[in-house]
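J.: Take a look at the following structure, please.
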Amino acid sequence: MAFLAKRAAILVATILVASFVIFAAMYMAPGKPIGALTGGRSVSPQALEALEQRYRLNEPFLSQYGHWLSNAIRGDLGVSIATKQDVSELIVERAGITLSLVLYAAVLIVVIGIGLGLLAGLRPGWVDTSVVVASSAAAAVPAFLSAIVLTLIFAVTLSWLPALGAGEGVVDRFVHLTLPAISLALSSIAVVARVTRTSIREESRKEHVQTAVSRGLPRRAVIIRHVLRNAAIPITTVTGITIASLIAVSAVVESAFSLNGLGQYLIVSSSSKDLAVVQGISLVLVLAFVLLNVVVDLAYAVLDPRVRLGAKAT
Amino acid sequence: MTGSQPGTPFGVARPTSSASGPPLVEVDSLSVSIQVDGSARSILRNVSLTIGRGEALALVGESGSGKSMTAKAIDRLLPAGARQTGSISFDGQDVAKMTGAALRSYRADVAMIFQDPRVAINPVRSIGDFMTEVLRTNTRVRSRVAADRAVKMLARVGIADGQRRLEQYPHELSGGLLQRVMIASSLLTEPRLLLADEPTTALDVSTQAEVIEILNDLRRELGLAVLFITHDLELARTFCDRTAVMYAGEIVEVGDSSAVQEAPLHPYSAGLAAARPRVDRRLARLEAIPGRPLSAVEAPDDACSFAPRCVHRVNECDEGHPELRPLGLGMVRCIRAGGTALTEKDVNHEAHR
């Protein structure tokens, strides 16, 4: 319980700091939001004053932040300057696509990444070598490049999969998100495969594994209960953090495949100085990232009794 | 003074408990090499030893002398790629030919205790899980029964609150307590041979004595044969009937434990005996064997391996590899042994010149 309470406190603190950084960064960014509001037209001083009042642009920084934060806690992220729509609603509309994209990629990473890593870790020889070579190459490919290459091959040349849009309905959505999910997951699959392989190799060399062998346990039991069980700790941690980092990379992939998700909307709003939207999306993304990390921490505690009991790992 | 030492218990070999019939373990001309960067590196050279039923044999030597490798070879735990010649037999069975279930039941018959229990026990599994795992997996004993047996065995190694301990994790126990857990769990499969690889080296001094006492009591109660690996001749004497001294991957002396400590035949054993701090004598300084230990790889095949560090070296020492030959009641691999006095005093004297 103490562990959970501590984690929760850290979570709240992280989000508070992040919200402040997000707000301050937008405040200090060049360009005035008033420009976006007026669209560059000349406006009467009275109208300007009214706008400033409405968006609290003339108040001191801390007061602006305070208002924004207290509203955000109640779920009110303000109104988009460009469309005059409620930011929370805009985010909810688009969150689905980002969520399904990241989830899809996460499944690919877990199944293919960990699967290949297990294979390579337990089967030295050509299987291992192939996985190592392939993952070295894949790990070096950034998402924007894999997006272009995958589109060229599977959408343009082979016409197997659609390259644009998110599709309607479950099956169509699944088909449409396949290429984006692969390009989002590719380098992470490689990273996770390598970490999985290395963890298994390292764990196999541990003395306690030798103890298990020396006691006459069958190989299967030794591998499952000692090698894989212990290797699961680093594998889970790295996989979790890698998936959390996809939240940021998803913006690139959404743009490349014209997916109307949070990431793409963040980019569009940033360039049009739509303050409230940028702040809102950033806050949601940070929240998701931090929450995922908490999940990783909890998984870590479940897997490793030394963390759970607050002892120092030796 | 001459070769056989007066006033030592050389002639009064202590009764080796139930050592009757053929020995339990027979290691015959065992050589082991491993592949390093494509070339074979020798680790053990022509090691022969026997352990009788219920007998305790100490294997003494510096780090890298091949003590642990000998134990690993007996338990078939040599690293992948190791090459082995010679034979090991257990109760008449050729260990090298065992496979599958036979090998697993052999390993249950031969329990191994490791130097540092903190790394030898899986840190993320509970003590109960660790202790009962073999029983549950290999002999299909029900969990409850296995746990009961574990608690009883913990009581025998002096852990009273066994039930509570079973639910704890290794990092919650001290090193000494954990080593007792290791001992208790190794005995759960009712082994006939215990391979103890420096079981007290990683423990603090007061705990060491406790662990040794427990091991000693249990081995006598259960009639266990023990291969006790240590670098401490004194410890070897308190615990073991016979002592074998290893140097550079081969056995250089075998004999009654007290004889090896008090009247060593080989200059290296004499050096080891002199290197131990004594409470009953004042020494100007603690003796150390000059030079550094040789690994089996560096050891020559055509000269005595110990010659470069030996204070009794003569030209003949470099002219051929000495054989292990009987001398008095022991065996020694030294051409000068028996002809020269190798008492501690002489070694001290020579080393000080």
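Labels used: A, B, ... for chains in the order of the structure tokens, numbers from 1 for residues in each chain, and numbers from 1 for ligands as shown.
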For Ser258 (chain B), find every residue with an atom within 7 Å (counting only C-alpha atoms), except residues of its own chain fewer than 2 positions away, and show them as JSON, numbers by chain.

T.: {"B": [9, 237, 256, 260, 261, 262]}

J.: What residues in region 61-194 of chain B get the DSSP label helix (DSSP H, G or I)? Please answer as a PyMOL selection string.

T.: chain B and resi 67-74+95-97+100-109+117-120+127-138+143-156+162-166+170-172+175-187

J.: Which of these residues is nearest to Gly75 (chain A), using only C-alpha atoms: A:Leu108, A:Val284, A:Asp128, A:Ala251?

T.: A:Val284

J.: Leaving out Ala299 (chain B) and any residue of its chain fewer than 4 positions from it, which residues lie within 12 Å of it when counting only C-alpha atoms, given as a list in words?

T.: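 Contacts, with the query itself left out: Arg41, Ser42, Ile43, Leu44, Arg45, Ser65, Tyr247, Ala248, Gly249, Glu250, Pro293, Leu294, Ser295, Ala303, Cys304, Ser305, Phe306, Ala307, Pro308, Asp318 and His321 of chain B.
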
J.: Using C-alpha atoms, can you write the selected residues to a file as a short mmCIF file (atom, residue, chain, number, x, y, z; two decimals), in the first residue's frame?

T.:
data_model
loop_
_atom_site.label_atom_id
_atom_site.label_comp_id
_atom_site.auth_asym_id
_atom_site.auth_seq_id
_atom_site.Cartn_x
_atom_site.Cartn_y
_atom_site.Cartn_z
CA ARG B 41 42.89 -24.24 -22.63
CA SER B 42 43.62 -26.85 -20.05
CA ILE B 43 41.75 -26.54 -16.74
CA LEU B 44 42.17 -29.90 -15.09
CA ARG B 45 45.09 -32.24 -15.64
CA SER B 65 43.65 -24.34 -9.10
CA TYR B 247 47.79 -26.75 -7.79
CA ALA B 248 47.54 -25.58 -11.40
CA GLY B 249 44.79 -28.04 -12.28
CA GLU B 250 46.30 -31.14 -10.76
CA PRO B 293 49.47 -18.94 -8.56
CA LEU B 294 49.87 -20.63 -11.89
CA SER B 295 46.84 -21.55 -13.95
CA ALA B 303 58.61 -29.78 -15.45
CA CYS B 304 57.17 -29.39 -11.99
CA SER B 305 54.41 -26.74 -12.08
CA PHE B 306 55.28 -25.44 -8.66
CA ALA B 307 59.04 -25.22 -9.25
CA PRO B 308 59.12 -21.45 -10.04
CA ASP B 318 62.76 -28.70 -14.32
CA HIS B 321 56.83 -33.60 -14.75
#

J.: Tell me, as a ChimeraX atom specification, which residues lie within 10 Å of Ala18 (chain A), counting only C-alpha atoms; anything in the same chain fewer than 2 positions away does not count.

T.: /A:12-16,20-24,282-283,286-287,290
